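Colleague: If it helps, the file is called work05.tsv and holds TSV, C-alpha atoms:
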```tsv
chain	number	residue	atom	x	y	z
A	1	MET	CA	-56.18	-129.16	65.41
A	2	ARG	CA	-56.19	-125.95	63.37
A	3	VAL	CA	-57.20	-127.87	60.23
A	4	VAL	CA	-59.95	-129.70	62.12
A	5	GLY	CA	-61.22	-126.44	63.55
A	6	LYS	CA	-61.29	-124.73	60.13
A	7	THR	CA	-62.98	-127.74	58.54
A	8	SER	CA	-65.65	-127.82	61.26
A	9	GLN	CA	-66.21	-124.11	60.84
A	10	TYR	CA	-66.75	-124.40	57.08
A	11	VAL	CA	-69.02	-127.42	57.53
A	12	VAL	CA	-71.23	-125.53	59.98
A	13	MET	CA	-71.29	-122.43	57.77
A	14	SER	CA	-72.20	-124.57	54.74
A	15	LEU	CA	-75.08	-126.19	56.62
A	16	PHE	CA	-76.42	-122.78	57.62
A	17	ALA	CA	-76.05	-121.54	54.03
A	18	ILE	CA	-78.00	-124.53	52.72
A	19	ALA	CA	-80.72	-124.01	55.33
A	20	PHE	CA	-81.12	-120.36	54.38
A	21	LEU	CA	-81.00	-121.02	50.62
A	22	ALA	CA	-83.47	-123.91	50.63
A	23	PRO	CA	-86.63	-121.71	50.78
A	24	LEU	CA	-85.27	-119.50	48.00
A	25	VAL	CA	-84.51	-122.51	45.80
A	26	TRP	CA	-87.96	-123.96	46.47
A	27	MET	CA	-89.59	-120.61	45.60
A	28	ILE	CA	-87.82	-120.47	42.23
A	29	SER	CA	-88.61	-124.13	41.59
A	30	ALA	CA	-92.29	-123.68	42.46
A	31	SER	CA	-92.52	-120.70	40.12
A	32	LEU	CA	-91.62	-122.98	37.20
A	33	ARG	CA	-94.10	-125.77	37.94
A	34	PRO	CA	-97.68	-126.36	36.89
A	35	GLU	CA	-100.11	-125.34	39.61
A	36	ALA	CA	-101.16	-128.95	40.27
A	37	LYS	CA	-97.60	-130.02	41.09
A	38	VAL	CA	-96.46	-127.15	43.31
A	39	LEU	CA	-97.37	-128.81	46.61
A	40	SER	CA	-96.17	-132.30	45.74
A	41	VAL	CA	-95.13	-134.55	48.62
A	42	PRO	CA	-92.26	-134.99	49.24
A	43	PRO	CA	-91.29	-131.47	48.09
A	44	LYS	CA	-89.12	-131.26	44.98
A	45	PHE	CA	-86.43	-128.61	44.55
A	46	LEU	CA	-85.92	-129.23	40.81
A	47	PRO	CA	-88.98	-129.02	38.55
A	48	SER	CA	-89.41	-132.07	36.32
A	49	ASP	CA	-91.48	-130.21	33.69
A	50	THR	CA	-90.49	-126.55	33.51
A	51	GLN	CA	-93.34	-124.18	32.72
A	52	TRP	CA	-91.93	-120.78	31.72
A	53	SER	CA	-95.38	-119.57	30.75
A	54	ASN	CA	-95.98	-118.81	34.45
A	55	TYR	CA	-93.66	-115.84	34.16
A	56	GLY	CA	-95.44	-114.73	31.00
A	57	GLN	CA	-98.74	-114.61	32.88
A	58	VAL	CA	-97.17	-112.69	35.75
A	59	PHE	CA	-95.51	-110.09	33.51
A	60	GLU	CA	-98.86	-109.46	31.87
A	61	LEU	CA	-100.21	-108.35	35.24
A	62	ILE	CA	-97.41	-106.57	37.09
A	63	PRO	CA	-95.65	-104.04	34.78
A	64	VAL	CA	-97.54	-101.06	36.26
A	65	PHE	CA	-97.06	-102.29	39.83
A	66	LEU	CA	-93.37	-102.95	39.16
A	67	TRP	CA	-92.87	-99.46	37.74
A	68	ASN	CA	-94.62	-97.88	40.73
A	69	SER	CA	-92.34	-99.79	43.14
A	70	VAL	CA	-89.24	-98.77	41.19
A	71	LYS	CA	-90.33	-95.13	41.06
A	72	LEU	CA	-91.14	-94.92	44.77
A	73	ALA	CA	-87.93	-96.70	45.75
A	74	GLY	CA	-85.93	-94.28	43.60
A	75	LEU	CA	-87.66	-91.22	45.08
A	76	ASN	CA	-87.12	-92.49	48.61
A	77	VAL	CA	-83.47	-93.41	48.12
A	78	ILE	CA	-82.48	-90.19	46.33
A	79	GLY	CA	-84.52	-87.93	48.60
A	80	ILE	CA	-83.36	-89.49	51.86
A	81	LEU	CA	-79.70	-89.53	50.79
A	82	ILE	CA	-79.86	-85.81	50.00
A	83	VAL	CA	-81.79	-84.73	53.10
A	84	ALA	CA	-80.00	-87.03	55.56
A	85	SER	CA	-76.52	-86.17	54.27
A	86	MET	CA	-77.16	-82.44	54.52
A	87	ALA	CA	-78.75	-82.75	57.97
A	88	GLY	CA	-76.01	-85.10	59.16
A	89	TYR	CA	-73.33	-82.68	57.97
A	90	ALA	CA	-75.04	-79.80	59.76
A	91	PHE	CA	-75.27	-81.70	63.05
A	92	ALA	CA	-71.70	-82.97	62.80
A	93	ARG	CA	-69.76	-80.00	61.39
A	94	LEU	CA	-71.72	-76.76	61.67
A	95	LYS	CA	-71.85	-74.86	64.94
A	96	PHE	CA	-75.15	-73.20	65.79
A	97	ALA	CA	-77.17	-72.54	68.93
A	98	GLY	CA	-79.13	-75.54	70.16
A	99	ARG	CA	-77.47	-77.98	67.77
A	100	ASP	CA	-77.04	-80.82	70.27
A	101	LEU	CA	-80.50	-80.28	71.76
A	102	ALA	CA	-82.09	-80.33	68.31
A	103	PHE	CA	-80.26	-83.56	67.52
A	104	MET	CA	-81.47	-85.17	70.75
A	105	VAL	CA	-85.05	-84.12	69.99
A	106	LEU	CA	-84.69	-85.60	66.51
A	107	LEU	CA	-83.51	-88.91	67.94
A	108	ALA	CA	-86.31	-88.86	70.53
A	109	THR	CA	-88.93	-88.80	67.76
A	110	SER	CA	-87.76	-92.26	66.66
A	111	ILE	CA	-89.25	-93.85	69.79
A	112	ILE	CA	-92.78	-92.86	68.75
A	113	PRO	CA	-94.35	-95.81	66.88
A	114	GLY	CA	-95.78	-94.98	63.50
A	115	ILE	CA	-99.13	-96.54	64.38
A	116	ALA	CA	-99.57	-93.87	67.10
A	117	TYR	CA	-99.84	-91.04	64.57
A	118	LEU	CA	-101.30	-93.00	61.67
A	119	ILE	CA	-104.86	-91.66	62.03
A	120	PRO	CA	-103.88	-87.97	62.51
A	121	GLN	CA	-101.47	-88.29	59.57
A	122	TYR	CA	-104.19	-89.82	57.40
A	123	ILE	CA	-106.58	-86.99	58.30
A	124	VAL	CA	-103.94	-84.39	57.38
A	125	PHE	CA	-103.24	-86.08	54.05
A	126	GLN	CA	-106.97	-86.30	53.37
A	127	HIS	CA	-107.40	-82.55	53.96
A	128	ILE	CA	-104.56	-81.62	51.60
A	129	GLY	CA	-105.74	-84.05	48.92
A	130	TRP	CA	-102.93	-86.60	49.16
A	131	VAL	CA	-105.10	-89.68	49.78
A	132	ASP	CA	-105.10	-91.95	46.72
A	133	THR	CA	-101.82	-90.43	45.55
A	134	GLN	CA	-98.26	-91.66	45.96
A	135	TYR	CA	-97.11	-88.60	47.94
A	136	PRO	CA	-97.72	-90.19	51.38
A	137	LEU	CA	-95.43	-93.07	50.39
A	138	TRP	CA	-92.31	-90.94	49.95
A	139	VAL	CA	-92.67	-87.29	51.07
A	140	PRO	CA	-92.94	-87.99	54.87
A	141	LYS	CA	-90.06	-90.48	54.71
A	142	VAL	CA	-87.82	-88.06	52.81
A	143	LEU	CA	-88.53	-85.18	55.19
A	144	THR	CA	-88.00	-87.20	58.41
A	145	PRO	CA	-85.01	-89.56	57.92
A	146	VAL	CA	-84.08	-89.91	61.60
A	147	PHE	CA	-81.95	-93.06	61.42
A	148	ALA	CA	-80.30	-91.97	58.17
A	149	THR	CA	-79.43	-88.58	59.67
A	150	PHE	CA	-77.90	-90.28	62.71
A	151	LEU	CA	-75.85	-92.58	60.50
A	152	MET	CA	-74.60	-89.70	58.35
A	153	ARG	CA	-73.70	-87.61	61.40
A	154	GLN	CA	-71.63	-90.47	62.79
A	155	SER	CA	-69.93	-90.87	59.43
A	156	PHE	CA	-69.08	-87.17	59.13
A	157	LEU	CA	-67.64	-87.18	62.66
A	158	THR	CA	-65.05	-89.78	61.64
A	159	ILE	CA	-63.57	-87.53	58.92
A	160	PRO	CA	-60.42	-85.63	59.96
A	161	ASN	CA	-60.86	-81.89	60.51
A	162	GLU	CA	-57.82	-81.22	58.32
A	163	LEU	CA	-59.82	-81.94	55.16
A	164	GLU	CA	-62.43	-79.36	56.08
A	165	ASP	CA	-59.76	-76.83	57.07
A	166	ALA	CA	-58.00	-77.32	53.75
A	167	GLY	CA	-61.22	-76.55	51.93
A	168	LYS	CA	-61.72	-73.36	53.93
A	169	ILE	CA	-58.16	-72.25	53.17
A	170	ASP	CA	-58.81	-72.77	49.46
A	171	GLY	CA	-61.87	-70.55	49.71
A	172	ALA	CA	-64.55	-73.21	49.34
A	173	SER	CA	-68.04	-72.37	50.54
A	174	THR	CA	-69.81	-74.37	53.20
A	175	PHE	CA	-71.84	-76.19	50.56
A	176	GLY	CA	-68.71	-76.70	48.46
A	177	ILE	CA	-66.90	-78.33	51.39
A	178	TYR	CA	-69.91	-80.56	52.06
A	179	TRP	CA	-70.42	-81.54	48.43
A	180	ARG	CA	-66.89	-81.81	47.07
A	181	ILE	CA	-64.79	-82.77	50.08
A	182	MET	CA	-66.87	-84.34	52.85
A	183	LEU	CA	-69.65	-86.21	51.04
A	184	PRO	CA	-67.31	-88.38	48.90
A	185	GLN	CA	-65.71	-89.61	52.14
A	186	THR	CA	-69.00	-91.06	53.36
A	187	LYS	CA	-69.68	-93.58	50.58
A	188	PRO	CA	-70.02	-96.52	53.02
A	189	ALA	CA	-72.71	-94.73	55.03
A	190	LEU	CA	-74.49	-93.61	51.88
A	191	ALA	CA	-74.50	-97.19	50.59
A	192	ALA	CA	-75.87	-98.53	53.88
A	193	ILE	CA	-78.64	-95.91	53.94
A	194	GLY	CA	-79.43	-96.56	50.29
A	195	VAL	CA	-79.81	-100.31	50.87
A	196	PHE	CA	-81.96	-99.87	53.99
A	197	THR	CA	-84.17	-97.28	52.29
A	198	PHE	CA	-84.58	-99.36	49.16
A	199	LEU	CA	-85.58	-102.44	51.16
A	200	GLU	CA	-88.08	-100.50	53.27
A	201	SER	CA	-89.71	-98.87	50.25
A	202	TRP	CA	-89.64	-101.98	48.05
A	203	ASN	CA	-91.28	-104.20	50.69
A	204	ASP	CA	-93.81	-101.64	51.93
A	205	LEU	CA	-97.28	-103.18	51.88
A	206	PHE	CA	-98.95	-101.25	54.70
A	207	GLY	CA	-98.57	-97.77	53.18
A	208	PRO	CA	-100.12	-98.53	49.77
A	209	LEU	CA	-103.00	-100.41	51.39
A	210	ILE	CA	-103.79	-97.44	53.65
A	211	TYR	CA	-103.38	-94.48	51.32
A	212	ILE	CA	-104.02	-95.82	47.79
A	213	THR	CA	-107.26	-97.13	46.33
A	214	SER	CA	-106.58	-96.78	42.58
A	215	GLU	CA	-105.16	-99.95	41.09
A	216	ASN	CA	-102.84	-98.13	38.68
A	217	LEU	CA	-101.02	-96.50	41.64
A	218	GLN	CA	-100.44	-99.66	43.65
A	219	THR	CA	-97.05	-101.29	44.18
A	220	LEU	CA	-95.60	-104.77	43.68
A	221	PRO	CA	-96.29	-106.12	47.22
A	222	VAL	CA	-99.97	-105.32	46.70
A	223	ALA	CA	-99.90	-107.02	43.29
A	224	LEU	CA	-98.64	-110.22	44.90
A	225	ALA	CA	-101.73	-110.28	47.08
A	226	GLN	CA	-103.88	-110.54	43.93
A	227	PHE	CA	-102.72	-114.12	43.48
A	228	GLN	CA	-104.28	-115.03	46.84
A	229	GLY	CA	-108.02	-115.44	47.04
A	230	GLU	CA	-110.39	-116.32	49.84
A	231	TYR	CA	-110.76	-119.93	48.70
A	232	PHE	CA	-107.90	-120.47	46.26
A	233	THR	CA	-104.29	-119.31	45.94
A	234	GLN	CA	-102.34	-119.45	42.69
A	235	ILE	CA	-99.14	-120.59	44.33
A	236	SER	CA	-97.06	-120.96	41.18
A	237	LEU	CA	-97.91	-117.43	40.01
A	238	LEU	CA	-97.41	-116.10	43.53
A	239	MET	CA	-93.93	-117.65	43.60
A	240	CYS	CA	-93.21	-116.09	40.18
A	241	GLY	CA	-94.12	-112.68	41.52
A	242	ALA	CA	-92.11	-113.24	44.68
A	243	THR	CA	-89.09	-114.26	42.60
A	244	VAL	CA	-89.40	-111.11	40.48
A	245	SER	CA	-89.64	-108.97	43.62
A	246	VAL	CA	-86.60	-110.62	45.23
A	247	VAL	CA	-84.23	-110.21	42.25
A	248	PRO	CA	-83.82	-106.39	42.59
A	249	VAL	CA	-83.22	-106.75	46.34
A	250	ILE	CA	-80.43	-109.28	45.81
A	251	ALA	CA	-78.94	-107.18	43.01
A	252	VAL	CA	-78.87	-104.01	45.12
A	253	PHE	CA	-77.28	-105.78	48.07
A	254	LEU	CA	-74.61	-107.49	45.94
A	255	PHE	CA	-73.79	-104.19	44.25
A	256	ALA	CA	-73.45	-102.28	47.52
A	257	GLN	CA	-72.39	-105.01	49.98
A	258	ARG	CA	-68.77	-103.81	50.26
A	259	TYR	CA	-69.75	-100.29	51.28
A	260	PHE	CA	-72.85	-101.48	53.13
A	261	ILE	CA	-70.93	-103.62	55.65
A	262	GLN	CA	-68.28	-100.96	56.08
A	263	GLY	CA	-70.92	-98.29	56.67
A	264	ILE	CA	-72.63	-100.30	59.40
A	265	THR	CA	-69.34	-100.95	61.22
A	266	MET	CA	-68.46	-97.23	61.14
A	267	THR	CA	-71.73	-96.10	62.73
A	268	GLY	CA	-70.61	-95.96	66.35
A	269	MET	CA	-66.93	-95.16	65.99
A	270	LYS	CA	-67.20	-91.62	67.27
A	271	GLY	CA	-69.91	-89.83	69.20
```
Kindly return the structure encoded in the file as structure tokens.

Modeller:
Amino acid sequence: MRVVGKTSQYVVMSLFAIAFLAPLVWMISASLRPEAKVLSVPPKFLPSDTQWSNYGQVFELIPVFLWNSVKLAGLNVIGILIVASMAGYAFARLKFAGRDLAFMVLLATSIIPGIAYLIPQYIVFQHIGWVDTQYPLWVPKVLTPVFATFLMRQSFLTIPNELEDAGKIDGASTFGIYWRIMLPQTKPALAAIGVFTFLESWNDLFGPLIYITSENLQTLPVALAQFQGEYFTQISLLMCGATVSVVPVIAVFLFAQRYFIQGITMTGMKG
């Protein structure tokens, strides 16, 4: 019975894996086909006549967009990791008046939908000259990492007090304890925040459409929309661009999956 149960489990998991992988395989296959054969019926998962020139056409169009996406993702990840880890450490380890109240107010801001303050935020950015720049796509996110701060606070709370006390006995400063002793213990949470932040920034289409009008400042999701017209869509080129945009996401997740899963499971261990 145990063997039958295990076999059934693996069969079901394999079927789900195939179902989830099928669209990805079709996307890669479609990116290598001539435009006239992309929507063949029945659908084919293996291209009969591979056309690598599709990727050549795409890479002629997207280098600037790709660089902008990489730059913004890097700024968001690095900035949020720094700000959220410092804020999380302060809320978890430092004692100051109104700490818990300030943390509750910070969490309360997360229930306000972004669309509610979109127009006032746009007006502010317009007055300070940030419209048609990339500042609105990373500065507000770096300065208000509510979820990341919560995750880092929970991670710092799981660290034994003895490590912090040992640092104080050795004469380490508050920043030294945070940087040298406490922060290295939170790698799982840092990895989880890094993956979430990267995905959010990499897939952001709404922000660039709202705040940026110059083509040389746009990002990869906006570039993909160029392959779609009102009357005609270049599906093979669109699938090439989608494949290029998916590769970094898969690479980041595979690189950080060990810490990512561990960081998510640690989130609610201690309040």

Colleague: Which residues are close to segment 181-197 of chain A, i.e. within 7 Å by only C-alpha atoms, leaving aside same-chain residues fewer than 2 positions away? Reply as an MDAnalysis selection string.

Modeller: chainID A and resid 76:77 81 148 151:152 155:156 177:179 199:201 252:253 256 259:260 262:264

Colleague: Would you pick out the contacts of segment 88-103 of chain A at 6 Å or less, using only C-alpha atoms, so that residues sharing its chain but fewer than 4 positions from it are not included, and give the list as a ChimeraX atom specification?

Modeller: /A:84,149,152-153,157

Colleague: Could you give me, as a PDB file with C-alpha atoms, in the coordinates of the input, the residues that have an atom at most 12 Å away from the point (-91.0, -101.2, 51.6) in the coordinates of the file, using only C-alpha atoms?

Modeller:
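And here's point_33.pdb as it stands now:
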```
ATOM      1  CA  ASN A  68     -94.620 -97.880  40.730  1.00  0.00           C
ATOM      2  CA  SER A  69     -92.340 -99.790  43.140  1.00  0.00           C
ATOM      3  CA  VAL A  70     -89.240 -98.770  41.190  1.00  0.00           C
ATOM      4  CA  LEU A  72     -91.140 -94.920  44.770  1.00  0.00           C
ATOM      5  CA  ALA A  73     -87.930 -96.700  45.750  1.00  0.00           C
ATOM      6  CA  GLY A  74     -85.930 -94.280  43.600  1.00  0.00           C
ATOM      7  CA  ASN A  76     -87.120 -92.490  48.610  1.00  0.00           C
ATOM      8  CA  VAL A  77     -83.470 -93.410  48.120  1.00  0.00           C
ATOM      9  CA  LEU A 137     -95.430 -93.070  50.390  1.00  0.00           C
ATOM     10  CA  TRP A 138     -92.310 -90.940  49.950  1.00  0.00           C
ATOM     11  CA  LYS A 141     -90.060 -90.480  54.710  1.00  0.00           C
ATOM     12  CA  VAL A 195     -79.810-100.310  50.870  1.00  0.00           C
ATOM     13  CA  PHE A 196     -81.960 -99.870  53.990  1.00  0.00           C
ATOM     14  CA  THR A 197     -84.170 -97.280  52.290  1.00  0.00           C
ATOM     15  CA  PHE A 198     -84.580 -99.360  49.160  1.00  0.00           C
ATOM     16  CA  LEU A 199     -85.580-102.440  51.160  1.00  0.00           C
ATOM     17  CA  GLU A 200     -88.080-100.500  53.270  1.00  0.00           C
ATOM     18  CA  SER A 201     -89.710 -98.870  50.250  1.00  0.00           C
ATOM     19  CA  TRP A 202     -89.640-101.980  48.050  1.00  0.00           C
ATOM     20  CA  ASN A 203     -91.280-104.200  50.690  1.00  0.00           C
ATOM     21  CA  ASP A 204     -93.810-101.640  51.930  1.00  0.00           C
ATOM     22  CA  LEU A 205     -97.280-103.180  51.880  1.00  0.00           C
ATOM     23  CA  PHE A 206     -98.950-101.250  54.700  1.00  0.00           C
ATOM     24  CA  GLY A 207     -98.570 -97.770  53.180  1.00  0.00           C
ATOM     25  CA  PRO A 208    -100.120 -98.530  49.770  1.00  0.00           C
ATOM     26  CA  THR A 219     -97.050-101.290  44.180  1.00  0.00           C
ATOM     27  CA  LEU A 220     -95.600-104.770  43.680  1.00  0.00           C
ATOM     28  CA  PRO A 221     -96.290-106.120  47.220  1.00  0.00           C
ATOM     29  CA  VAL A 222     -99.970-105.320  46.700  1.00  0.00           C
ATOM     30  CA  SER A 245     -89.640-108.970  43.620  1.00  0.00           C
ATOM     31  CA  VAL A 249     -83.220-106.750  46.340  1.00  0.00           C
TER      32      VAL A 249
END
```

Colleague: Check the smallest atom-to-atom distance from each of A:Val146, A:Leu254, A:Leu15, A:Leu224 to Ser85 of chain A using all atoms listed in the file, then report the winner.

Modeller: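 Looking at the shortest contact to Ser85 of chain A, the residue is A:Val146.
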
Colleague: Tell me, in Å to one decimal, how far atom CA of Arg258 of chain A is from atom CA of Ile80 of chain A.

Modeller: 20.5 Å

Colleague: Which residue out of A:Gly129, A:Gly79, A:Pro113, A:Pro47 has the minimum interatomic distance to Pro145 of chain A when only C-alpha atoms are used?

Modeller: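 For Pro145 of chain A, the nearest of the given residues is A:Gly79.
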
Colleague: Interatomic distance between atom CA of Ser236 of chain A and atom CA of Asn54 of chain A?

Modeller: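 Spanning atom CA of Ser236 of chain A to atom CA of Asn54 of chain A is a straight-line distance of 7.1 Å.
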
Colleague: Which neighbours of Gly114 of chain A fall inside 12 Å, counting all atoms listed in the file, when residues of the same chain fewer than 4 positions from it are skipped, and could you give them as a ChimeraX atom specification?

Modeller: /A:109-110,118-122,140-141,206-207

Colleague: Which one is closest to Gln226 of chain A: A:Gly56, A:Gly241, A:Pro160, A:Gly167? Count all atoms listed in the file.

Modeller: A:Gly241

Colleague: Could you please determine the separation between atom CA of Leu106 of chain A and atom CA of Leu143 of chain A in Å, to one decimal place?

Modeller: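 Pair atom CA of Leu106 of chain A / atom CA of Leu143 of chain A returns 12.0 Å.
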
Colleague: From the set A:Tyr211, A:Phe16, A:Phe227, A:Tyr10, which residue has the shortest atom-to-atom contact distance to Asp132 of chain A, counting all atoms listed in the file?

Modeller: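 Result for the nearest residue to Asp132 of chain A: A:Tyr211.
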
Colleague: Residues within 12 Å of Ser31 of chain A, please, as JSON, numbers by chain. Count all atoms listed in the file; anything in the same chain fewer than 5 positions from it doesn't count.

Modeller: {"A": [24, 25, 26, 36, 37, 38, 39, 45, 46, 47, 49, 50, 51, 52, 53, 54, 55, 56, 57, 58, 234, 235, 236, 237, 238, 239, 240, 241, 242, 243, 244]}

Colleague: Please determine, counting only C-alpha atoms, which residue among A:Met13, A:Met86, A:Phe65, A:Met27 has the shortest atom-to-atom distance to Thr174 of chain A.

Modeller: A:Met86
